[in-house]
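Chemist: For reference, the file my_file-v1.csv (CSV, C-alpha atoms) is included below:
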```csv
chain,number,residue,atom,x,y,z
A,1160,MET,CA,-68.6,-52.8,-85.5
A,1161,ILE,CA,-69.1,-50.5,-82.5
A,1162,LYS,CA,-72.5,-50.9,-80.9
A,1163,PRO,CA,-75.1,-48.1,-81.5
A,1164,LYS,CA,-75.7,-47.6,-77.8
A,1165,THR,CA,-72.0,-47.1,-77.3
A,1166,VAL,CA,-72.1,-44.4,-79.9
A,1167,VAL,CA,-75.0,-42.7,-78.1
A,1168,ILE,CA,-72.9,-42.7,-74.9
A,1169,ILE,CA,-69.9,-41.3,-76.8
A,1170,GLY,CA,-72.1,-38.6,-78.4
A,1171,VAL,CA,-73.6,-37.5,-75.1
A,1172,ILE,CA,-70.2,-37.2,-73.5
A,1173,ALA,CA,-68.9,-35.2,-76.5
A,1174,VAL,CA,-71.8,-32.7,-76.5
A,1175,SER,CA,-71.5,-32.3,-72.7
A,1176,PHE,CA,-68.2,-30.5,-73.3
A,1177,SER,CA,-69.9,-27.7,-75.3
A,1178,ALA,CA,-70.4,-25.4,-72.3
A,1179,VAL,CA,-66.9,-26.0,-71.2
A,1180,PHE,CA,-65.3,-24.9,-74.5
A,1181,VAL,CA,-67.6,-21.9,-74.7
A,1182,ARG,CA,-66.5,-20.9,-71.1
A,1183,LEU,CA,-62.9,-21.4,-72.0
A,1184,SER,CA,-63.1,-18.9,-74.9
A,1185,THR,CA,-62.6,-15.2,-74.3
A,1186,ALA,CA,-64.3,-14.3,-77.6
A,1187,PRO,CA,-67.8,-12.8,-77.7
A,1188,ALA,CA,-70.7,-15.3,-78.1
A,1189,PRO,CA,-71.5,-14.4,-81.7
A,1190,THR,CA,-67.9,-15.0,-82.7
A,1191,ILE,CA,-67.8,-18.4,-81.0
A,1192,ALA,CA,-71.0,-19.4,-82.6
A,1193,PHE,CA,-69.8,-18.3,-86.1
A,1194,TRP,CA,-66.7,-20.4,-86.0
A,1195,ARG,CA,-68.4,-23.4,-84.5
A,1196,LEU,CA,-71.0,-23.4,-87.3
A,1197,LEU,CA,-68.5,-22.6,-90.0
A,1198,ILE,CA,-66.6,-25.8,-89.1
A,1199,ALA,CA,-69.9,-27.7,-89.0
A,1200,THR,CA,-70.9,-26.4,-92.4
A,1201,VAL,CA,-67.6,-27.4,-94.0
A,1202,PHE,CA,-68.0,-30.9,-92.5
A,1203,THR,CA,-71.6,-31.3,-93.8
A,1204,ALA,CA,-70.6,-29.9,-97.2
A,1205,ALA,CA,-68.1,-32.9,-97.4
A,1206,LEU,CA,-71.0,-35.3,-96.5
A,1207,ALA,CA,-73.2,-33.6,-99.1
A,1208,ILE,CA,-70.6,-34.0,-101.8
A,1209,LYS,CA,-70.1,-37.6,-100.9
A,1210,SER,CA,-73.8,-38.3,-101.4
A,1211,ARG,CA,-74.1,-35.9,-104.4
A,1212,HIS,CA,-76.7,-38.1,-106.1
A,1213,ASP,CA,-79.1,-37.0,-103.3
A,1214,PHE,CA,-77.9,-33.5,-103.0
A,1215,ARG,CA,-79.9,-30.6,-104.5
A,1216,ARG,CA,-81.0,-27.0,-103.9
A,1217,PRO,CA,-84.1,-26.3,-101.8
A,1218,GLN,CA,-87.1,-25.5,-103.9
A,1219,GLY,CA,-90.5,-23.8,-103.2
A,1220,ASN,CA,-91.4,-23.9,-99.5
A,1221,GLU,CA,-88.1,-25.6,-98.8
A,1222,LEU,CA,-86.3,-22.3,-99.3
A,1223,LEU,CA,-88.4,-20.6,-96.6
A,1224,GLN,CA,-88.1,-23.6,-94.3
A,1225,THR,CA,-84.3,-24.0,-94.5
A,1226,GLY,CA,-83.9,-20.2,-94.2
A,1227,LEU,CA,-86.0,-20.1,-91.0
A,1228,ALA,CA,-84.3,-23.1,-89.6
A,1229,GLY,CA,-80.9,-21.6,-90.1
A,1230,LEU,CA,-82.1,-18.3,-88.6
A,1231,PHE,CA,-83.5,-20.0,-85.5
A,1232,LEU,CA,-80.4,-22.1,-85.1
A,1233,ALA,CA,-78.2,-19.0,-85.2
A,1234,LEU,CA,-80.4,-17.3,-82.6
A,1235,HIS,CA,-80.2,-20.4,-80.5
A,1236,PHE,CA,-76.4,-20.6,-80.4
A,1237,TRP,CA,-76.1,-16.8,-79.9
A,1238,THR,CA,-78.4,-16.7,-76.9
A,1239,TRP,CA,-77.1,-19.9,-75.4
A,1240,PHE,CA,-73.4,-19.0,-75.7
A,1241,GLU,CA,-74.3,-15.5,-74.3
A,1242,SER,CA,-76.1,-17.3,-71.4
A,1243,LEU,CA,-72.9,-19.2,-70.6
A,1244,LYS,CA,-71.0,-15.9,-70.2
A,1245,LEU,CA,-73.5,-14.7,-67.5
A,1246,THR,CA,-74.8,-17.7,-65.5
A,1247,THR,CA,-73.4,-21.0,-64.3
A,1248,VAL,CA,-72.9,-24.0,-66.6
A,1249,ALA,CA,-75.3,-26.0,-64.5
A,1250,SER,CA,-78.2,-23.5,-64.8
A,1251,SER,CA,-77.6,-22.8,-68.5
A,1252,THR,CA,-77.3,-26.4,-69.7
A,1253,VAL,CA,-80.3,-27.6,-67.7
A,1254,LEU,CA,-82.5,-24.7,-68.8
A,1255,VAL,CA,-81.5,-25.1,-72.5
A,1256,ALA,CA,-82.4,-28.8,-72.3
A,1257,THR,CA,-86.0,-27.9,-71.8
A,1258,GLN,CA,-86.5,-27.4,-75.5
A,1259,PRO,CA,-88.8,-30.5,-75.9
A,1260,LEU,CA,-91.3,-28.8,-73.6
A,1261,PHE,CA,-91.6,-25.9,-75.9
A,1262,VAL,CA,-91.9,-28.2,-78.9
A,1263,ILE,CA,-94.8,-30.0,-77.3
A,1264,LEU,CA,-96.5,-26.7,-76.1
A,1265,THR,CA,-96.3,-25.4,-79.7
A,1266,THR,CA,-97.6,-28.5,-81.3
A,1267,ARG,CA,-100.4,-28.6,-78.8
A,1268,LEU,CA,-101.4,-25.0,-79.6
A,1269,ILE,CA,-100.9,-25.2,-83.4
A,1270,TRP,CA,-101.7,-28.8,-84.4
A,1271,GLY,CA,-103.8,-29.8,-81.4
A,1272,GLU,CA,-101.7,-32.7,-80.4
A,1273,ARG,CA,-102.9,-34.1,-77.0
A,1274,LEU,CA,-100.7,-34.8,-74.0
A,1275,SER,CA,-101.0,-37.9,-71.9
A,1276,ALA,CA,-101.4,-37.6,-68.1
A,1277,GLY,CA,-97.8,-38.8,-67.6
A,1278,ALA,CA,-96.4,-36.2,-70.0
A,1279,ILE,CA,-98.4,-33.5,-68.2
A,1280,ARG,CA,-96.9,-34.6,-64.9
A,1281,GLY,CA,-93.4,-34.5,-66.3
A,1282,LEU,CA,-94.1,-31.1,-67.8
A,1283,ILE,CA,-95.2,-29.6,-64.4
A,1284,ILE,CA,-92.2,-31.1,-62.6
A,1285,ALA,CA,-89.8,-29.7,-65.2
A,1286,LEU,CA,-91.4,-26.3,-65.1
A,1287,VAL,CA,-91.1,-26.2,-61.3
A,1288,GLY,CA,-87.5,-27.1,-61.5
A,1289,THR,CA,-87.0,-24.4,-64.2
A,1290,LEU,CA,-88.5,-21.8,-61.8
A,1291,LEU,CA,-86.2,-22.9,-59.0
A,1292,ILE,CA,-83.1,-22.5,-61.2
A,1293,ALA,CA,-84.3,-19.1,-62.5
A,1294,MET,CA,-84.7,-17.8,-58.9
A,1295,SER,CA,-81.4,-19.2,-57.6
A,1296,GLY,CA,-79.1,-16.5,-59.0
A,1297,ARG,CA,-76.0,-15.9,-56.9
A,1298,THR,CA,-74.9,-12.7,-58.7
A,1299,GLY,CA,-78.1,-10.7,-59.0
A,1300,LEU,CA,-79.5,-9.5,-62.3
A,1301,GLY,CA,-76.5,-10.8,-64.4
A,1302,GLN,CA,-77.1,-14.4,-63.6
A,1303,PHE,CA,-80.9,-14.0,-63.8
A,1304,ALA,CA,-80.4,-12.5,-67.3
A,1305,GLY,CA,-78.2,-15.5,-68.2
A,1306,ASN,CA,-80.9,-17.9,-67.0
A,1307,LEU,CA,-83.5,-16.1,-69.1
A,1308,LEU,CA,-81.2,-16.3,-72.2
A,1309,ALA,CA,-80.9,-20.0,-71.7
A,1310,VAL,CA,-84.7,-20.4,-71.7
A,1311,LEU,CA,-84.8,-18.2,-74.8
A,1312,ALA,CA,-82.2,-20.4,-76.4
A,1313,ALA,CA,-84.4,-23.4,-75.7
A,1314,ILE,CA,-87.3,-21.7,-77.4
A,1315,PHE,CA,-85.2,-21.0,-80.5
A,1316,ALA,CA,-84.0,-24.6,-80.5
A,1317,ALA,CA,-87.6,-25.8,-80.4
A,1318,ALA,CA,-88.5,-23.5,-83.3
A,1319,TYR,CA,-85.5,-24.8,-85.2
A,1320,PHE,CA,-86.7,-28.4,-84.8
A,1321,LEU,CA,-90.3,-27.7,-85.6
A,1322,VAL,CA,-89.4,-25.9,-88.8
A,1323,GLY,CA,-86.8,-28.6,-89.6
A,1324,SER,CA,-89.3,-31.4,-89.1
A,1325,ARG,CA,-91.4,-29.9,-91.9
A,1326,ALA,CA,-88.4,-29.5,-94.3
A,1327,ARG,CA,-87.2,-33.0,-93.7
A,1328,ARG,CA,-90.4,-34.4,-95.1
A,1329,THR,CA,-89.2,-33.6,-98.6
A,1330,MET,CA,-85.4,-33.1,-98.2
A,1331,GLU,CA,-82.7,-35.7,-97.7
A,1332,VAL,CA,-80.8,-35.2,-94.4
A,1333,ASN,CA,-77.4,-34.1,-95.9
A,1334,THR,CA,-79.1,-31.6,-98.2
A,1335,TYR,CA,-81.2,-30.2,-95.4
A,1336,THR,CA,-78.3,-30.0,-92.9
A,1337,PHE,CA,-75.9,-28.3,-95.3
A,1338,TRP,CA,-78.3,-25.6,-96.4
A,1339,THR,CA,-79.5,-24.9,-92.9
A,1340,TYR,CA,-76.0,-24.7,-91.5
A,1341,LEU,CA,-75.0,-22.5,-94.4
A,1342,VAL,CA,-77.8,-20.1,-93.6
A,1343,CYS,CA,-76.9,-20.2,-89.9
A,1344,THR,CA,-73.3,-19.5,-90.6
A,1345,LEU,CA,-74.2,-16.5,-92.9
A,1346,VAL,CA,-76.6,-15.1,-90.3
A,1347,LEU,CA,-73.9,-15.3,-87.6
A,1348,GLY,CA,-71.3,-13.9,-90.0
A,1349,LEU,CA,-73.5,-10.9,-90.7
A,1350,LEU,CA,-74.1,-10.4,-87.0
A,1351,VAL,CA,-70.3,-10.4,-86.3
A,1352,GLY,CA,-69.6,-8.2,-89.3
A,1353,LEU,CA,-72.2,-5.6,-88.5
A,1354,GLY,CA,-71.7,-5.7,-84.7
A,1355,PRO,CA,-68.8,-4.8,-82.5
A,1356,PHE,CA,-67.5,-8.3,-82.6
A,1357,PRO,CA,-64.1,-9.5,-84.0
A,1358,PHE,CA,-63.9,-12.3,-86.5
A,1359,ARG,CA,-60.3,-13.1,-85.4
A,1360,PRO,CA,-59.8,-13.2,-81.6
A,1361,GLU,CA,-56.3,-12.7,-80.3
A,1362,ALA,CA,-56.1,-15.3,-77.6
A,1363,PRO,CA,-54.8,-18.7,-78.8
A,1364,ILE,CA,-57.2,-20.5,-76.4
A,1365,ASP,CA,-60.1,-19.1,-78.6
A,1366,TRP,CA,-58.9,-21.0,-81.7
A,1367,PHE,CA,-58.6,-24.2,-79.6
A,1368,ALA,CA,-62.2,-23.7,-78.3
A,1369,PHE,CA,-63.5,-23.1,-81.8
A,1370,ALA,CA,-61.9,-26.2,-83.2
A,1371,ALA,CA,-63.0,-28.3,-80.2
A,1372,LEU,CA,-66.6,-27.1,-80.5
A,1373,GLY,CA,-66.7,-27.9,-84.2
A,1374,ILE,CA,-64.8,-31.2,-84.1
A,1375,ILE,CA,-65.6,-32.7,-80.7
A,1376,CYS,CA,-69.0,-31.4,-80.0
A,1377,HIS,CA,-70.4,-31.2,-83.5
A,1378,ILE,CA,-68.7,-34.0,-85.4
A,1379,GLY,CA,-68.0,-36.3,-82.5
A,1380,GLY,CA,-71.3,-35.5,-80.7
A,1381,HIS,CA,-74.0,-34.3,-82.9
A,1382,THR,CA,-73.1,-36.5,-85.8
A,1383,SER,CA,-72.7,-39.6,-83.6
A,1384,LEU,CA,-76.2,-39.1,-82.3
A,1385,ASN,CA,-77.6,-38.6,-85.7
A,1386,TRP,CA,-75.9,-41.8,-86.9
A,1387,ALA,CA,-77.2,-43.7,-83.9
A,1388,LEU,CA,-80.8,-42.7,-84.8
A,1389,GLY,CA,-80.5,-45.1,-87.7
A,1390,TYR,CA,-80.2,-48.0,-85.3
A,1391,VAL,CA,-81.9,-47.1,-82.0
A,1392,SER,CA,-85.2,-45.4,-81.2
A,1393,PRO,CA,-85.4,-41.6,-81.1
A,1394,SER,CA,-86.8,-41.9,-77.6
A,1395,LEU,CA,-83.6,-43.5,-76.4
A,1396,VAL,CA,-81.5,-40.8,-77.9
A,1397,SER,CA,-83.8,-38.0,-76.6
A,1398,THR,CA,-83.6,-39.5,-73.1
A,1399,ALA,CA,-79.9,-40.1,-73.2
A,1400,ILE,CA,-79.4,-36.4,-74.0
A,1401,LEU,CA,-80.6,-35.6,-70.5
A,1402,GLY,CA,-77.1,-36.7,-69.4
A,1403,GLU,CA,-75.6,-33.6,-71.1
A,1404,PRO,CA,-76.4,-31.2,-68.2
A,1405,VAL,CA,-75.1,-33.7,-65.7
A,1406,GLY,CA,-71.8,-34.1,-67.6
A,1407,ALA,CA,-71.5,-30.4,-68.2
A,1408,THR,CA,-72.0,-29.6,-64.5
A,1409,LEU,CA,-69.4,-32.2,-63.6
A,1410,TRP,CA,-66.8,-30.8,-66.0
A,1411,ALA,CA,-67.5,-27.3,-64.7
A,1412,TRP,CA,-67.0,-28.5,-61.2
A,1413,LEU,CA,-63.7,-30.2,-62.0
A,1414,LEU,CA,-62.3,-27.5,-64.3
A,1415,PHE,CA,-63.7,-24.3,-63.0
A,1416,SER,CA,-64.5,-25.2,-59.3
A,1417,GLU,CA,-68.1,-24.2,-60.1
A,1418,ILE,CA,-70.2,-26.0,-57.5
A,1419,PRO,CA,-74.0,-25.7,-58.0
A,1420,THR,CA,-76.0,-24.0,-55.3
A,1421,LEU,CA,-78.7,-25.9,-53.5
A,1422,GLY,CA,-81.4,-24.1,-55.6
A,1423,GLU,CA,-79.6,-25.0,-58.8
A,1424,LEU,CA,-79.1,-28.6,-57.7
A,1425,ALA,CA,-82.7,-29.1,-56.6
A,1426,GLY,CA,-84.0,-27.4,-59.7
A,1427,GLY,CA,-81.7,-29.3,-62.0
A,1428,ILE,CA,-82.8,-32.6,-60.5
A,1429,LEU,CA,-86.5,-31.7,-60.9
A,1430,VAL,CA,-85.9,-30.6,-64.6
A,1431,ILE,CA,-84.1,-33.8,-65.5
A,1432,VAL,CA,-86.6,-36.0,-63.7
A,1433,GLY,CA,-89.5,-34.1,-65.3
A,1434,LEU,CA,-88.0,-34.4,-68.7
A,1435,PHE,CA,-87.4,-38.1,-68.3
A,1436,ILE,CA,-91.0,-38.6,-67.3
A,1437,PHE,CA,-92.1,-36.3,-70.2
A,1438,LEU,CA,-90.0,-38.2,-72.8
A,1439,SER,CA,-91.2,-41.5,-71.4
A,1440,HIS,CA,-94.7,-40.6,-72.7
A,1441,PRO,CA,-93.8,-39.4,-76.2
A,1442,THR,CA,-96.1,-37.8,-78.7
A,1443,PRO,CA,-95.4,-37.9,-82.4
A,1444,SER,CA,-93.4,-34.7,-82.1
A,1445,THR,CA,-91.2,-35.5,-79.1
A,1446,GLY,CA,-90.2,-38.8,-80.6
A,1447,ARG,CA,-88.4,-37.0,-83.4
A,1448,MET,CA,-86.6,-34.4,-81.3
A,1449,ILE,CA,-82.9,-34.8,-80.4
A,1450,SER,CA,-80.3,-32.4,-79.1
A,1451,ARG,CA,-79.0,-29.5,-81.3
A,1452,LYS,CA,-75.4,-29.5,-80.0
```
Translate this structure into C-alpha cells?

Modeler:
Amino acid sequence: MIKPKTVVIIGVIAVSFSAVFVRLSTAPAPTIAFWRLLIATVFTAALAIKSRHDFRRPQGNELLQTGLAGLFLALHFWTWFESLKLTTVASSTVLVATQPLFVILTTRLIWGERLSAGAIRGLIIALVGTLLIAMSGRTGLGQFAGNLLAVLAAIFAAAYFLVGSRARRTMEVNTYTFWTYLVCTLVLGLLVGLGPFPFRPEAPIDWFAFAALGIICHIGGHTSLNWALGYVSPSLVSTAILGEPVGATLWAWLLFSEIPTLGELAGGILVIVGLFIFLSHPTPSTGRMISRK
C-alpha cells in the first residue's frame, strides 16, 4: 500500500499545476471554472452513488449551508482564475494561499477564538509579505487588480471552508461534497449562460486544460489530500499545501519563462514562512482547513 505521506506529496504536486492549466487555456475564467467543477461534480457523484447508504439530501439548515458553500466556492474559482489572467502565477498562487489567515481572523471576530503569540507573529510576517507582493506589480493597474482578485479569492475560500465546517458536523463527506459541487457548478453555469462567456471554446487546448484541471488537479490532487486526511494530521496536510505556490512558480518559470521579480520573491518567501509559523501554532479552526484546489 502506498504511504499516506507519499500521497500528500503527490497531491501537492498535482494541485500545483492548477495555475499552469488555467494559464494555458484561452477561455474566459468563468468558462474554465464551470468545466473544472462539472468534471469534479461528476466524479463526486460517482463516489456518492458508491456509498449510497450514506447519501441523502440536505435538510433544514444544511440546505442553506451547502448552498452558501457552493456559492462561495464558485466565487473563489472565478476570482482566482481571473487573477491568473492578470497577474503572475507566483503572485496569484501565493496570495490565494493566505486563506487560513482569513479563516482565523473570522473565527476570532465571530467565535472569539484566541491566537497564540506564535500564530500572531506568523500572521504579521505573512501580511507583510502579502503587502510586498501587492505592491510589486510590473504592468501597472492590471497586475495590481490581479493581485487584489487573488486576495479576494482567498477570502471566498475562507468563507467556503467556514460554512463547510458547519455543514460537515451533520453531513457525511460524499453527501456534502456532491451537493456543494453541484450548487457551485450551477452558479458558474448561470454566470456563463447570462454573461458574455462561451460554454464551448474553440481552441483544442481549452478542452485539454479543462480535463487536466478536473482529472489531475481535482481527482489527483484534491481527492488525494482528502484521502490522506484519514491517515495523517490535518496540520501536516495544511503545511504541505504551502508547497503549491513554490511548485506553481517553478512550472511557470519552466513553461512560460515567468521569472518572479525581487518584490514577488521576497514577498512570497515571507508569506510562506509566515504561514508555516502560523500553521505550526494551530487553533481548532486552522487544524481543519486544507486547500480547495

Chemist: Between A:Ala1228, A:Ala1425, A:Leu1183, A:Ala1371, single out the one closest to Val1287 of chain A, counting only C-alpha atoms.

Modeler: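 Smallest distance to Val1287 of chain A is found for A:Ala1425.
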
Chemist: Using all atoms listed in the file, find the one residue out of A:Thr1408, A:Ser1383, A:Gln1302, A:Thr1266 that sits nearest to Val1248 of chain A.

Modeler: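 Result for the nearest residue to Val1248 of chain A: A:Thr1408.
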
Chemist: Need to verify the contact set: segment 1321-1333 of chain A, 6 Å, all atoms listed in the file, exclusion of same-chain residues closer than 3 positions in sequence. Can you return it as a ChimeraX atom specification?

Modeler: /A:1207,1221,1224,1228,1318,1336

Chemist: Nearest to Leu1311 of chain A: which of A:Ile1269, A:Val1262, A:Leu1350, A:Leu1234 is it, counting only C-alpha atoms?

Modeler: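 Answer, going by the shortest atom-to-atom distance: A:Leu1234.
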
Chemist: Please identify all polymer residues within 9 Å of Leu1197 of chain A, counting all atoms listed in the file, omitting same-chain residues fewer than 3 positions from it, and present them as number ranges by chain.

Modeler: A: 1192-1194, 1200-1202, 1340-1341, 1343-1345, 1373

Chemist: I'd like the contact shell of Leu1245 of chain A - 12 Å cut-off, only C-alpha atoms, skipping same-chain residues fewer than 5 positions apart - returned as a PyMOL selection string.

Modeler: chain A and resi 1181-1182+1187-1188+1238-1240+1250-1251+1296-1309

Chemist: Taking only C-alpha atoms into account, which of A:Ala1199, A:Leu1424, A:Ala1313, A:Leu1438 comes nearest Trp1237 of chain A?

Modeler: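 Selected residue with least distance to Trp1237 of chain A: A:Ala1313.
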
Chemist: For the atom pair atom CA of Pro1355 of chain A and atom CA of Ile1191 of chain A, what is the interatomic distance in Å to one decimal place?

Modeler: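 Separation between atom CA of Pro1355 of chain A and atom CA of Ile1191 of chain A: 13.7 Å.
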
Chemist: To one decimal place in Å, what is the distance between atom CA of Lys1209 of chain A and atom CA of Ile1378 of chain A?

Modeler: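 For atom CA of Lys1209 of chain A relative to atom CA of Ile1378 of chain A, the distance reads 16.0 Å.
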
Chemist: Which value, in Å to one decimal, gives the distance between atom CA of Ala1178 of chain A and atom CA of Glu1403 of chain A?

Modeler: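 Computing the Euclidean distance for atom CA of Ala1178 of chain A and atom CA of Glu1403 of chain A yields 9.8 Å.
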
Chemist: Could you pull out every residue with an atom within 12 Å of (-71.1, -30.3, -73.8), file coordinates, counting all atoms listed in the file, and send them as a ChimeraX atom specification?

Modeler: /A:1169-1182,1240,1243,1248-1249,1251-1253,1255-1256,1368,1371-1373,1375-1377,1379-1381,1400-1411,1450-1452

Chemist: Any chance you could model N, CA and C atoms for segment 1209-1227 of chain A and send them as a PDB file, in the coordinates of the input?

Modeler:
```pdb
ATOM      1  N   LYS A1209     -70.192 -36.165-100.865  1.00  0.00           N
ATOM      2  CA  LYS A1209     -70.100 -37.600-100.900  1.00  0.00           C
ATOM      3  C   LYS A1209     -71.341 -38.292-101.377  1.00  0.00           C
ATOM      4  N   SER A1210     -72.491 -37.708-100.983  1.00  0.00           N
ATOM      5  CA  SER A1210     -73.800 -38.300-101.400  1.00  0.00           C
ATOM      6  C   SER A1210     -74.437 -37.356-102.432  1.00  0.00           C
ATOM      7  N   ARG A1211     -73.657 -36.935-103.409  1.00  0.00           N
ATOM      8  CA  ARG A1211     -74.100 -35.900-104.400  1.00  0.00           C
ATOM      9  C   ARG A1211     -75.297 -36.350-105.211  1.00  0.00           C
ATOM     10  N   HIS A1212     -75.540 -37.665-105.293  1.00  0.00           N
ATOM     11  CA  HIS A1212     -76.700 -38.100-106.100  1.00  0.00           C
ATOM     12  C   HIS A1212     -78.002 -37.724-105.380  1.00  0.00           C
ATOM     13  N   ASP A1213     -77.933 -37.464-104.043  1.00  0.00           N
ATOM     14  CA  ASP A1213     -79.100 -37.000-103.300  1.00  0.00           C
ATOM     15  C   ASP A1213     -79.137 -35.528-103.042  1.00  0.00           C
ATOM     16  N   PHE A1214     -78.012 -34.872-103.337  1.00  0.00           N
ATOM     17  CA  PHE A1214     -77.900 -33.500-103.000  1.00  0.00           C
ATOM     18  C   PHE A1214     -78.533 -32.583-104.051  1.00  0.00           C
ATOM     19  N   ARG A1215     -79.262 -31.555-103.578  1.00  0.00           N
ATOM     20  CA  ARG A1215     -79.900 -30.600-104.500  1.00  0.00           C
ATOM     21  C   ARG A1215     -80.196 -29.313-103.770  1.00  0.00           C
ATOM     22  N   ARG A1216     -80.600 -28.308-104.525  1.00  0.00           N
ATOM     23  CA  ARG A1216     -81.000 -27.000-103.900  1.00  0.00           C
ATOM     24  C   ARG A1216     -82.403 -27.109-103.376  1.00  0.00           C
ATOM     25  N   PRO A1217     -82.677 -26.359-102.305  1.00  0.00           N
ATOM     26  CA  PRO A1217     -84.100 -26.300-101.800  1.00  0.00           C
ATOM     27  C   PRO A1217     -84.960 -25.636-102.858  1.00  0.00           C
ATOM     28  N   GLN A1218     -86.200 -26.060-102.902  1.00  0.00           N
ATOM     29  CA  GLN A1218     -87.100 -25.500-103.900  1.00  0.00           C
ATOM     30  C   GLN A1218     -88.468 -25.195-103.193  1.00  0.00           C
ATOM     31  N   GLY A1219     -89.163 -24.171-103.714  1.00  0.00           N
ATOM     32  CA  GLY A1219     -90.500 -23.800-103.200  1.00  0.00           C
ATOM     33  C   GLY A1219     -90.471 -23.495-101.724  1.00  0.00           C
ATOM     34  N   ASN A1220     -91.340 -24.171-100.962  1.00  0.00           N
ATOM     35  CA  ASN A1220     -91.400 -23.900 -99.500  1.00  0.00           C
ATOM     36  C   ASN A1220     -90.143 -24.299 -98.794  1.00  0.00           C
ATOM     37  N   GLU A1221     -89.347 -25.168 -99.398  1.00  0.00           N
ATOM     38  CA  GLU A1221     -88.100 -25.600 -98.800  1.00  0.00           C
ATOM     39  C   GLU A1221     -87.145 -24.406 -98.558  1.00  0.00           C
ATOM     40  N   LEU A1222     -87.184 -23.440 -99.464  1.00  0.00           N
ATOM     41  CA  LEU A1222     -86.300 -22.300 -99.300  1.00  0.00           C
ATOM     42  C   LEU A1222     -86.654 -21.510 -98.040  1.00  0.00           C
ATOM     43  N   LEU A1223     -87.955 -21.307 -97.794  1.00  0.00           N
ATOM     44  CA  LEU A1223     -88.400 -20.600 -96.600  1.00  0.00           C
ATOM     45  C   LEU A1223     -88.070 -21.456 -95.347  1.00  0.00           C
ATOM     46  N   GLN A1224     -88.303 -22.754 -95.435  1.00  0.00           N
ATOM     47  CA  GLN A1224     -88.100 -23.600 -94.300  1.00  0.00           C
ATOM     48  C   GLN A1224     -86.645 -23.715 -93.872  1.00  0.00           C
ATOM     49  N   THR A1225     -85.752 -23.899 -94.833  1.00  0.00           N
ATOM     50  CA  THR A1225     -84.300 -24.000 -94.500  1.00  0.00           C
ATOM     51  C   THR A1225     -83.814 -22.607 -94.033  1.00  0.00           C
ATOM     52  N   GLY A1226     -84.345 -21.540 -94.619  1.00  0.00           N
ATOM     53  CA  GLY A1226     -83.900 -20.200 -94.200  1.00  0.00           C
ATOM     54  C   GLY A1226     -84.336 -19.924 -92.753  1.00  0.00           C
ATOM     55  N   LEU A1227     -85.581 -20.262 -92.394  1.00  0.00           N
ATOM     56  CA  LEU A1227     -86.000 -20.100 -91.000  1.00  0.00           C
ATOM     57  C   LEU A1227     -85.296 -20.955 -90.043  1.00  0.00           C
TER      58      LEU A1227
END
```
